[in-house]
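Below is work.cif, which holds mmCIF, C-alpha atoms and all ligand atoms.
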data_upload
#
loop_
_atom_site.label_atom_id
_atom_site.label_comp_id
_atom_site.auth_asym_id
_atom_site.auth_seq_id
_atom_site.Cartn_x
_atom_site.Cartn_y
_atom_site.Cartn_z
CA MET A 1 -29.58 -92.79 -41.71
CA THR A 2 -31.41 -92.10 -38.48
CA HIS A 3 -33.13 -88.88 -37.50
CA ASN A 4 -30.25 -88.06 -35.13
CA ASP A 5 -27.69 -87.90 -37.92
CA ARG A 6 -29.49 -84.97 -39.47
CA GLY A 7 -27.73 -81.62 -39.69
CA LEU A 8 -28.76 -78.57 -37.71
CA LEU A 9 -31.33 -76.20 -39.12
CA MET A 10 -30.21 -72.70 -38.24
CA VAL A 11 -32.28 -69.60 -38.77
CA LEU A 12 -30.62 -66.19 -38.91
CA SER A 13 -33.24 -63.48 -38.66
CA GLY A 14 -33.75 -59.97 -37.32
CA PRO A 15 -35.11 -56.58 -38.30
CA SER A 16 -34.92 -55.08 -41.76
CA GLY A 17 -31.60 -53.32 -42.33
CA VAL A 18 -29.75 -55.00 -39.46
CA GLY A 19 -27.28 -56.51 -41.92
CA LYS A 20 -28.50 -60.12 -42.19
CA GLY A 21 -27.48 -60.26 -45.86
CA THR A 22 -24.00 -58.84 -45.16
CA VAL A 23 -23.38 -61.24 -42.26
CA ASN A 24 -24.69 -64.14 -44.36
CA ARG A 25 -22.31 -63.27 -47.23
CA ALA A 26 -19.36 -62.89 -44.83
CA LEU A 27 -20.14 -66.28 -43.24
CA LYS A 28 -20.28 -67.87 -46.71
CA LYS A 29 -16.75 -66.60 -47.43
CA ARG A 30 -15.39 -68.38 -44.35
CA SER A 31 -14.57 -72.02 -44.98
CA THR A 32 -17.19 -73.52 -42.71
CA THR A 33 -19.26 -76.61 -43.24
CA ILE A 34 -22.53 -74.65 -43.22
CA GLN A 35 -24.76 -74.91 -46.30
CA TYR A 36 -26.83 -71.91 -47.39
CA SER A 37 -30.34 -72.08 -48.75
CA ILE A 38 -31.12 -69.81 -51.72
CA SER A 39 -34.54 -68.22 -51.38
CA VAL A 40 -37.22 -67.69 -53.98
CA THR A 41 -38.55 -64.14 -54.39
CA THR A 42 -40.88 -62.07 -56.56
CA ARG A 43 -38.83 -58.93 -55.93
CA PRO A 44 -36.98 -57.71 -59.03
CA PRO A 45 -33.19 -58.30 -59.00
CA ARG A 46 -31.06 -55.40 -57.74
CA GLU A 47 -28.02 -54.37 -59.72
CA GLY A 48 -25.41 -57.14 -59.68
CA GLU A 49 -27.76 -59.81 -58.30
CA GLN A 50 -27.80 -63.12 -60.16
CA ASN A 51 -30.60 -65.63 -60.55
CA GLY A 52 -29.73 -68.85 -58.72
CA VAL A 53 -26.94 -67.15 -56.75
CA ASP A 54 -28.58 -64.39 -54.71
CA TYR A 55 -32.16 -65.56 -55.17
CA PHE A 56 -34.30 -67.57 -57.55
CA PHE A 57 -36.30 -64.74 -59.12
CA LYS A 58 -39.88 -65.78 -59.95
CA THR A 59 -43.14 -64.21 -61.06
CA LYS A 60 -46.03 -63.90 -58.62
CA GLU A 61 -47.81 -66.73 -60.47
CA GLN A 62 -44.79 -69.05 -60.24
CA PHE A 63 -44.43 -68.28 -56.52
CA GLU A 64 -48.11 -68.92 -55.81
CA ASP A 65 -47.79 -72.18 -57.68
CA MET A 66 -44.95 -73.21 -55.35
CA ILE A 67 -47.14 -72.38 -52.33
CA ARG A 68 -50.01 -74.48 -53.75
CA HIS A 69 -47.70 -77.45 -54.33
CA ASN A 70 -46.22 -77.26 -50.80
CA GLN A 71 -42.75 -76.63 -52.19
CA LEU A 72 -41.86 -74.00 -49.59
CA LEU A 73 -40.70 -74.63 -46.03
CA GLU A 74 -41.91 -71.13 -45.14
CA TRP A 75 -42.85 -67.99 -46.99
CA ALA A 76 -43.81 -64.42 -46.23
CA GLU A 77 -45.02 -61.32 -47.96
CA TYR A 78 -42.54 -58.61 -47.10
CA VAL A 79 -42.85 -54.97 -48.22
CA GLY A 80 -44.99 -55.94 -51.21
CA ASN A 81 -43.05 -58.99 -52.41
CA TYR A 82 -43.05 -62.70 -51.69
CA TYR A 83 -40.00 -64.46 -50.21
CA GLY A 84 -39.77 -68.19 -49.47
CA THR A 85 -37.43 -71.09 -48.68
CA PRO A 86 -37.46 -74.11 -51.04
CA LEU A 87 -38.33 -77.16 -48.93
CA ASP A 88 -36.54 -79.78 -51.07
CA TYR A 89 -33.07 -78.34 -50.68
CA VAL A 90 -33.38 -77.97 -46.90
CA GLU A 91 -34.75 -81.50 -46.36
CA LYS A 92 -32.12 -83.10 -48.58
CA THR A 93 -29.20 -81.20 -47.02
CA LEU A 94 -30.31 -81.92 -43.44
CA ASN A 95 -30.80 -85.59 -44.33
CA ASP A 96 -27.23 -85.63 -45.69
CA GLY A 97 -26.15 -84.68 -42.16
CA LYS A 98 -25.15 -81.14 -43.12
CA ASP A 99 -26.06 -77.93 -41.29
CA VAL A 100 -28.26 -75.48 -43.18
CA LEU A 101 -28.57 -71.77 -42.49
CA LEU A 102 -31.60 -69.75 -43.57
CA GLU A 103 -31.32 -65.97 -43.70
CA ILE A 104 -34.95 -64.87 -43.53
CA GLU A 105 -37.22 -62.18 -42.06
CA VAL A 106 -39.07 -62.68 -38.79
CA GLN A 107 -42.53 -63.86 -39.98
CA GLY A 108 -40.90 -66.71 -41.89
CA ALA A 109 -38.64 -67.51 -38.92
CA MET A 110 -41.72 -67.98 -36.71
CA GLN A 111 -43.21 -70.40 -39.27
CA VAL A 112 -39.99 -72.42 -39.23
CA LYS A 113 -40.13 -72.43 -35.42
CA ASN A 114 -43.60 -73.98 -35.55
CA ASN A 115 -42.59 -76.63 -38.07
CA PHE A 116 -39.01 -77.32 -36.88
CA PRO A 117 -38.91 -76.70 -33.11
CA SER A 118 -35.47 -78.35 -32.95
CA GLY A 119 -34.05 -75.57 -35.15
CA VAL A 120 -31.58 -73.04 -33.75
CA PHE A 121 -32.97 -69.52 -33.87
CA ILE A 122 -30.50 -66.63 -33.95
CA PHE A 123 -31.67 -63.01 -33.78
CA LEU A 124 -29.29 -60.50 -35.31
CA ALA A 125 -29.70 -57.24 -33.39
CA PRO A 126 -28.55 -53.71 -34.26
CA PRO A 127 -26.22 -51.91 -31.82
CA SER A 128 -28.95 -49.19 -31.61
CA LEU A 129 -32.15 -47.99 -33.33
CA ASP A 130 -30.20 -45.03 -34.75
CA ALA A 131 -27.71 -47.40 -36.37
CA LEU A 132 -30.60 -49.29 -37.91
CA ARG A 133 -32.20 -46.09 -39.28
CA ARG A 134 -28.85 -45.06 -40.79
CA ARG A 135 -28.38 -48.41 -42.50
CA ILE A 136 -31.86 -48.45 -44.04
CA THR A 137 -31.52 -44.85 -45.26
CA GLU A 138 -27.97 -45.21 -46.55
CA ARG A 139 -28.55 -48.43 -48.43
CA GLY A 140 -30.06 -46.25 -51.16
CA THR A 141 -31.76 -49.14 -52.94
CA GLU A 142 -35.21 -48.00 -51.80
CA THR A 143 -37.31 -44.90 -52.48
CA GLY A 144 -38.72 -42.60 -49.74
CA HIS A 145 -41.95 -44.33 -48.83
CA LEU A 146 -40.31 -47.77 -48.95
CA ILE A 147 -37.70 -46.55 -46.43
CA ASP A 148 -40.49 -45.47 -44.06
CA THR A 149 -42.28 -48.81 -44.45
CA ARG A 150 -39.04 -50.71 -43.81
CA LEU A 151 -38.30 -48.62 -40.69
CA GLN A 152 -41.78 -49.16 -39.25
CA THR A 153 -41.52 -52.89 -40.01
CA ALA A 154 -38.06 -52.97 -38.37
CA ARG A 155 -39.42 -51.50 -35.11
CA GLU A 156 -42.12 -54.17 -34.94
CA GLU A 157 -39.57 -56.86 -35.80
CA LEU A 158 -37.31 -55.88 -32.86
CA ASP A 159 -40.10 -57.02 -30.52
CA MET A 160 -39.72 -60.55 -31.87
CA MET A 161 -36.34 -61.03 -30.16
CA GLN A 162 -38.07 -62.80 -27.25
CA HIS A 163 -38.83 -65.84 -29.44
CA TYR A 164 -35.20 -66.64 -30.29
CA ASP A 165 -32.57 -68.91 -28.71
CA TYR A 166 -29.64 -66.51 -29.23
CA VAL A 167 -29.15 -62.80 -29.82
CA VAL A 168 -26.07 -61.71 -31.79
CA GLU A 169 -25.29 -58.01 -31.90
CA ASN A 170 -24.11 -56.87 -35.32
CA ASP A 171 -21.68 -54.19 -34.14
CA GLU A 172 -19.03 -55.50 -36.52
CA VAL A 173 -19.62 -58.08 -39.27
CA GLU A 174 -16.61 -60.32 -38.54
CA LEU A 175 -17.38 -60.33 -34.81
CA ALA A 176 -21.00 -61.27 -35.54
CA CYS A 177 -19.73 -64.16 -37.72
CA ASP A 178 -17.41 -65.32 -34.89
CA ARG A 179 -20.39 -65.39 -32.53
CA ILE A 180 -22.54 -67.35 -34.99
CA GLU A 181 -19.78 -69.91 -35.52
CA ALA A 182 -19.44 -70.22 -31.75
CA ILE A 183 -23.19 -70.92 -31.53
CA VAL A 184 -22.92 -73.64 -34.17
CA THR A 185 -20.06 -75.28 -32.25
CA ALA A 186 -21.98 -75.03 -28.97
CA GLU A 187 -25.11 -76.52 -30.52
CA HIS A 188 -23.10 -79.51 -31.75
CA CYS A 189 -21.97 -80.03 -28.14
CA ASN A 190 -25.48 -79.59 -26.76
CA ARG A 191 -26.02 -82.40 -24.25
CA SER A 192 -29.41 -83.57 -25.47
CA ARG A 193 -28.24 -83.72 -29.09
CA VAL A 194 -25.00 -85.55 -28.21
CA MET A 195 -26.68 -87.94 -25.77
CA LYS A 196 -29.03 -89.21 -28.46
CA LYS A 197 -25.97 -90.31 -30.43
CA TYR A 198 -24.33 -92.02 -27.43
CA THR A 199 -27.55 -93.74 -26.41
CA ARG A 200 -27.72 -95.16 -29.91
CA LEU A 201 -24.08 -96.31 -29.78
CA THR A 202 -24.57 -98.08 -26.40
CA GLU A 203 -27.70 -99.76 -27.70
CA VAL A 204 -25.68 -101.12 -30.63
CA ASP A 205 -22.89 -102.29 -28.20
CA HIS A 206 -25.36 -104.30 -26.13
CA LYS A 207 -26.80 -106.19 -29.06
P1 LIG B 1 -34.12 -58.13 -49.61
O1 LIG B 1 -35.24 -57.68 -50.47
O2 LIG B 1 -33.44 -56.97 -48.90
O3 LIG B 1 -33.15 -59.04 -50.29
O4 LIG B 1 -34.77 -59.02 -48.44
C1 LIG B 1 -35.82 -58.50 -47.68
C2 LIG B 1 -36.03 -59.40 -46.48
O5 LIG B 1 -36.48 -60.69 -46.91
C3 LIG B 1 -34.77 -59.63 -45.65
O6 LIG B 1 -35.14 -59.41 -44.28
C4 LIG B 1 -34.43 -61.06 -45.90
O7 LIG B 1 -33.82 -61.65 -44.76
C5 LIG B 1 -35.79 -61.66 -46.14
N1 LIG B 1 -35.78 -62.92 -46.86
C6 LIG B 1 -34.92 -63.35 -47.82
N2 LIG B 1 -35.22 -64.59 -48.20
C7 LIG B 1 -36.30 -64.98 -47.48
C8 LIG B 1 -37.08 -66.18 -47.41
O8 LIG B 1 -36.84 -67.17 -48.10
N3 LIG B 1 -38.11 -66.20 -46.55
C9 LIG B 1 -38.42 -65.15 -45.76
N4 LIG B 1 -39.45 -65.28 -44.93
N5 LIG B 1 -37.70 -64.00 -45.79
C10 LIG B 1 -36.66 -63.91 -46.63
#
How does the structure come out when it is put into structure tokens?
Ligand code: 5GP
Amino acid sequence: MTHNDRGLLMVLSGPSGVGKGTVNRALKKRSTTIQYSISVTTRPPREGEQNGVDYFFKTKEQFEDMIRHNQLLEWAEYVGNYYGTPLDYVEKTLNDGKDVLLEIEVQGAMQVKNNFPSGVFIFLAPPSLDALRRRITERGTETGHLIDTRLQTAREELDMMQHYDYVVENDEVELACDRIEAIVTAEHCNRSRVMKKYTRLTEVDHK
């Protein structure tokens, strides 16, 4: 298989509390061809979360071991815990010609951008800062000072929008999913990607 048959690496990112997880879960429910990477984290599981489904839950030592052995495509320390993307799964899935979507925070997204410039970077934006504050406060999974830290982080993260290829407003989850699917379709029709394939086909014809 040639490099051009690889799937698309898509990165869905955006500020804390914008609803990346909700949009990711809603996308998963749609019967699309997108594959979803499961991240590794040192954060304790929340109620109802399952190991190997929502995350691979690891100790700090196990996570640091993965960093040392270059087993992560990217990783970040976020509000006191480590989060990272297993490299193996992403490489294998892309090599199988399938599209992979990573739902990650912005520091990690910038690392992916450095290592995979041909990735497609989608910034999920809140309809307003007030909406974002409401979501972080109402989620109720965090205590007071963690809410403040997440809000401050979210403000800084909004500034990162400039580094992305697309901005999708999360005014309504299903609409946000429609927009992301439209982006995937458009990227598969992107001239430079498609032309590589046709150039290869004409080369074969002339042999
Ligand atoms: P939560 O603790 O709410 O599940 O996730 C906190 C943040 O970590 C979210 O913004 C989520 O997108 C991000 N995150 C989840 N997995 C990864 C990952 O593998 N790498 C990075 N950099 N961020 C992640």
field: Top pick for closest residue to Val53 of chain A, considering A:Arg25, A:Arg150, A:His188, A:Lys196 and counting all atoms listed in the file
entry: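 Result for the nearest residue to Val53 of chain A: A:Arg25.
With all atoms listed in the file as the basis for measurement, A:Asp99 is the residue among A:Glu47, A:Glu61, A:Asp99, A:Glu91 that approaches Met10 of chain A most closely.
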query: How far is it from atom CA of Thr32 of chain A to atom CA of Asp178 of chain A, in Å with one decimal?
result: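 Atom-to-atom, atom CA of Thr32 of chain A and atom CA of Asp178 of chain A are spaced 11.3 Å apart.
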message: Taking 5 positions as the minimum chain separation for residues in the same chain, which residues sit within 12 Å of Pro86 of chain A when counting only C-alpha atoms? Answer as a list in words.
response: Tyr36, Ser37, Ile38, Ser39, Val40, Thr41, Tyr55, Phe56, Phe63, Met66, Ile67, His69, Asn70, Gln71, Leu72, Leu73, Glu74, Trp75, Glu91, Lys92, Thr93 and Leu102 of chain A
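For the residues A:Val173, A:Leu124, A:Val184, A:Cys189, ranking by smallest atom-to-atom distance to ligand LIG 1 (chain B) using all atoms listed in the file places A:Leu124 first.
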statement: From the list A:Leu101, A:Val120, A:Leu27, A:Ala186, the nearest residue to ligand LIG 1 (chain B) using only C-alpha atoms and all ligand atoms is A:Leu101
Separation of atom CA of Phe121 of chain A from atom CA of Lys98 of chain A, in Å and rounded to one decimal: 16.8 Å
message: Can you pull out the residues contacting Glu187 of chain A? Cut-off 12 Å, using all atoms listed in the file, and skip same-chain residues under 2 positions away; I want them as a list of chain:residue names.
response: A:Gly7, A:Leu8, A:Leu9, A:Met10, A:Asp99, A:Ser118, A:Gly119, A:Val120, A:Phe121, A:Ile122, A:Asp165, A:Tyr166, A:Ile180, A:Glu181, A:Ala182, A:Ile183, A:Val184, A:Thr185, A:Cys189, A:Asn190, A:Arg191, A:Ser192, A:Arg193, A:Val194
How would you report the residues lying within 8 Å of ligand LIG 1 (chain B), as an mmCIF file with C-alpha atoms, in the frame of the given file, if you count all atoms listed in the file?
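In the end it all went to pocket-v2.cif:
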data_model
loop_
_atom_site.group_PDB
_atom_site.id
_atom_site.type_symbol
_atom_site.label_atom_id
_atom_site.label_comp_id
_atom_site.auth_asym_id
_atom_site.auth_seq_id
_atom_site.Cartn_x
_atom_site.Cartn_y
_atom_site.Cartn_z
ATOM 1 C CA SER A 13 -33.240 -63.480 -38.660
ATOM 2 C CA GLY A 14 -33.750 -59.970 -37.320
ATOM 3 C CA PRO A 15 -35.110 -56.580 -38.300
ATOM 4 C CA SER A 16 -34.920 -55.080 -41.760
ATOM 5 C CA GLY A 17 -31.600 -53.320 -42.330
ATOM 6 C CA LYS A 20 -28.500 -60.120 -42.190
ATOM 7 C CA GLY A 21 -27.480 -60.260 -45.860
ATOM 8 C CA ILE A 38 -31.120 -69.810 -51.720
ATOM 9 C CA SER A 39 -34.540 -68.220 -51.380
ATOM 10 C CA VAL A 40 -37.220 -67.690 -53.980
ATOM 11 C CA THR A 41 -38.550 -64.140 -54.390
ATOM 12 C CA ARG A 43 -38.830 -58.930 -55.930
ATOM 13 C CA TYR A 55 -32.160 -65.560 -55.170
ATOM 14 C CA GLU A 74 -41.910 -71.130 -45.140
ATOM 15 C CA TRP A 75 -42.850 -67.990 -46.990
ATOM 16 C CA ALA A 76 -43.810 -64.420 -46.230
ATOM 17 C CA GLU A 77 -45.020 -61.320 -47.960
ATOM 18 C CA TYR A 78 -42.540 -58.610 -47.100
ATOM 19 C CA VAL A 79 -42.850 -54.970 -48.220
ATOM 20 C CA TYR A 82 -43.050 -62.700 -51.690
ATOM 21 C CA TYR A 83 -40.000 -64.460 -50.210
ATOM 22 C CA GLY A 84 -39.770 -68.190 -49.470
ATOM 23 C CA THR A 85 -37.430 -71.090 -48.680
ATOM 24 C CA PRO A 86 -37.460 -74.110 -51.040
ATOM 25 C CA LEU A 102 -31.600 -69.750 -43.570
ATOM 26 C CA GLU A 103 -31.320 -65.970 -43.700
ATOM 27 C CA ILE A 104 -34.950 -64.870 -43.530
ATOM 28 C CA GLU A 105 -37.220 -62.180 -42.060
ATOM 29 C CA VAL A 106 -39.070 -62.680 -38.790
ATOM 30 C CA GLN A 107 -42.530 -63.860 -39.980
ATOM 31 C CA GLY A 108 -40.900 -66.710 -41.890
ATOM 32 C CA ALA A 109 -38.640 -67.510 -38.920
#
message: Please list, as a VMD selection string, the residues that have an atom at most 12 Å away from (-35.1, -47.7, -42.5) in the coordinates of this file, counting all atoms listed in the file.
response: chain A and resid 15 to 19 129 to 155
field: Point-to-point distance in Å for atom CA of Lys60 of chain A and atom CA of Pro45 of chain A
entry: 14.0 Å
- request: Have a look at A:Val168, A:Met160, A:Leu175, A:Ile34 and name the one nearest to Met110 of chain A; count all atoms listed in the file.
  value: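 Answer, going by the shortest atom-to-atom distance: A:Met160.
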field: Pick from A:Pro126, A:Pro44, A:Pro117, A:Gly97, whichever lies nearest to Asn81 of chain A using all atoms listed in the file
entry: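 Ranked by minimum distance to Asn81 of chain A, first place goes to A:Pro44.
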Some atoms are absent from segment 3-31 of chain A, so rebuild N, CA and C atoms and return them as a CSV table (one decimal), in the coordinates of the input.
chain,number,residue,atom,x,y,z
A,3,HIS,N,-32.7,-90.3,-37.7
A,3,HIS,CA,-33.1,-88.9,-37.5
A,3,HIS,C,-32.0,-88.1,-36.8
A,4,ASN,N,-31.3,-88.8,-35.9
A,4,ASN,CA,-30.2,-88.1,-35.1
A,4,ASN,C,-29.0,-87.7,-35.9
A,5,ASP,N,-28.8,-88.3,-37.1
A,5,ASP,CA,-27.7,-87.9,-37.9
A,5,ASP,C,-28.0,-86.7,-38.8
A,6,ARG,N,-29.2,-86.1,-38.6
A,6,ARG,CA,-29.5,-85.0,-39.5
A,6,ARG,C,-28.7,-83.8,-39.0
A,7,GLY,N,-28.4,-82.9,-40.0
A,7,GLY,CA,-27.7,-81.6,-39.7
A,7,GLY,C,-28.6,-80.7,-38.9
A,8,LEU,N,-28.0,-79.6,-38.5
A,8,LEU,CA,-28.8,-78.6,-37.7
A,8,LEU,C,-29.4,-77.6,-38.7
A,9,LEU,N,-30.7,-77.3,-38.4
A,9,LEU,CA,-31.3,-76.2,-39.1
A,9,LEU,C,-31.2,-74.9,-38.3
A,10,MET,N,-30.4,-74.0,-38.9
A,10,MET,CA,-30.2,-72.7,-38.2
A,10,MET,C,-30.9,-71.6,-39.0
A,11,VAL,N,-31.5,-70.7,-38.2
A,11,VAL,CA,-32.3,-69.6,-38.8
A,11,VAL,C,-31.7,-68.3,-38.3
A,12,LEU,N,-31.2,-67.5,-39.2
A,12,LEU,CA,-30.6,-66.2,-38.9
A,12,LEU,C,-31.7,-65.2,-39.3
A,13,SER,N,-32.2,-64.4,-38.3
A,13,SER,CA,-33.2,-63.5,-38.7
A,13,SER,C,-33.0,-62.2,-37.9
A,14,GLY,N,-33.9,-61.2,-38.0
A,14,GLY,CA,-33.8,-60.0,-37.3
A,14,GLY,C,-34.4,-58.9,-38.1
A,15,PRO,N,-34.4,-57.7,-37.6
A,15,PRO,CA,-35.1,-56.6,-38.3
A,15,PRO,C,-34.5,-56.2,-39.6
A,16,SER,N,-35.4,-55.6,-40.5
A,16,SER,CA,-34.9,-55.1,-41.8
A,16,SER,C,-33.8,-54.1,-41.6
A,17,GLY,N,-32.7,-54.3,-42.4
A,17,GLY,CA,-31.6,-53.3,-42.3
A,17,GLY,C,-30.6,-53.6,-41.3
A,18,VAL,N,-30.7,-54.7,-40.5
A,18,VAL,CA,-29.8,-55.0,-39.5
A,18,VAL,C,-28.4,-55.5,-40.0
A,19,GLY,N,-28.5,-56.0,-41.3
A,19,GLY,CA,-27.3,-56.5,-41.9
A,19,GLY,C,-27.3,-58.0,-42.0
A,20,LYS,N,-28.4,-58.6,-42.1
A,20,LYS,CA,-28.5,-60.1,-42.2
A,20,LYS,C,-27.8,-60.6,-43.5
A,21,GLY,N,-28.1,-59.9,-44.6
A,21,GLY,CA,-27.5,-60.3,-45.9
A,21,GLY,C,-26.0,-60.1,-45.8
A,22,THR,N,-25.5,-59.1,-45.2
A,22,THR,CA,-24.0,-58.8,-45.2
A,22,THR,C,-23.3,-59.9,-44.3
A,23,VAL,N,-23.9,-60.2,-43.2
A,23,VAL,CA,-23.4,-61.2,-42.3
A,23,VAL,C,-23.4,-62.6,-42.9
A,24,ASN,N,-24.5,-62.9,-43.6
A,24,ASN,CA,-24.7,-64.1,-44.4
A,24,ASN,C,-23.6,-64.3,-45.4
A,25,ARG,N,-23.4,-63.2,-46.2
A,25,ARG,CA,-22.3,-63.3,-47.2
A,25,ARG,C,-20.9,-63.4,-46.6
A,26,ALA,N,-20.7,-62.8,-45.5
A,26,ALA,CA,-19.4,-62.9,-44.8
A,26,ALA,C,-19.2,-64.3,-44.3
A,27,LEU,N,-20.2,-64.9,-43.8
A,27,LEU,CA,-20.1,-66.3,-43.2
A,27,LEU,C,-19.8,-67.2,-44.4
A,28,LYS,N,-20.5,-67.0,-45.5
A,28,LYS,CA,-20.3,-67.9,-46.7
A,28,LYS,C,-18.8,-67.9,-47.1
A,29,LYS,N,-18.2,-66.7,-47.0
A,29,LYS,CA,-16.8,-66.6,-47.4
A,29,LYS,C,-15.8,-67.4,-46.5
A,30,ARG,N,-16.2,-67.6,-45.3
A,30,ARG,CA,-15.4,-68.4,-44.4
A,30,ARG,C,-15.5,-69.9,-44.7
A,31,SER,N,-14.5,-70.6,-44.6
A,31,SER,CA,-14.6,-72.0,-45.0
A,31,SER,C,-15.2,-72.8,-43.9
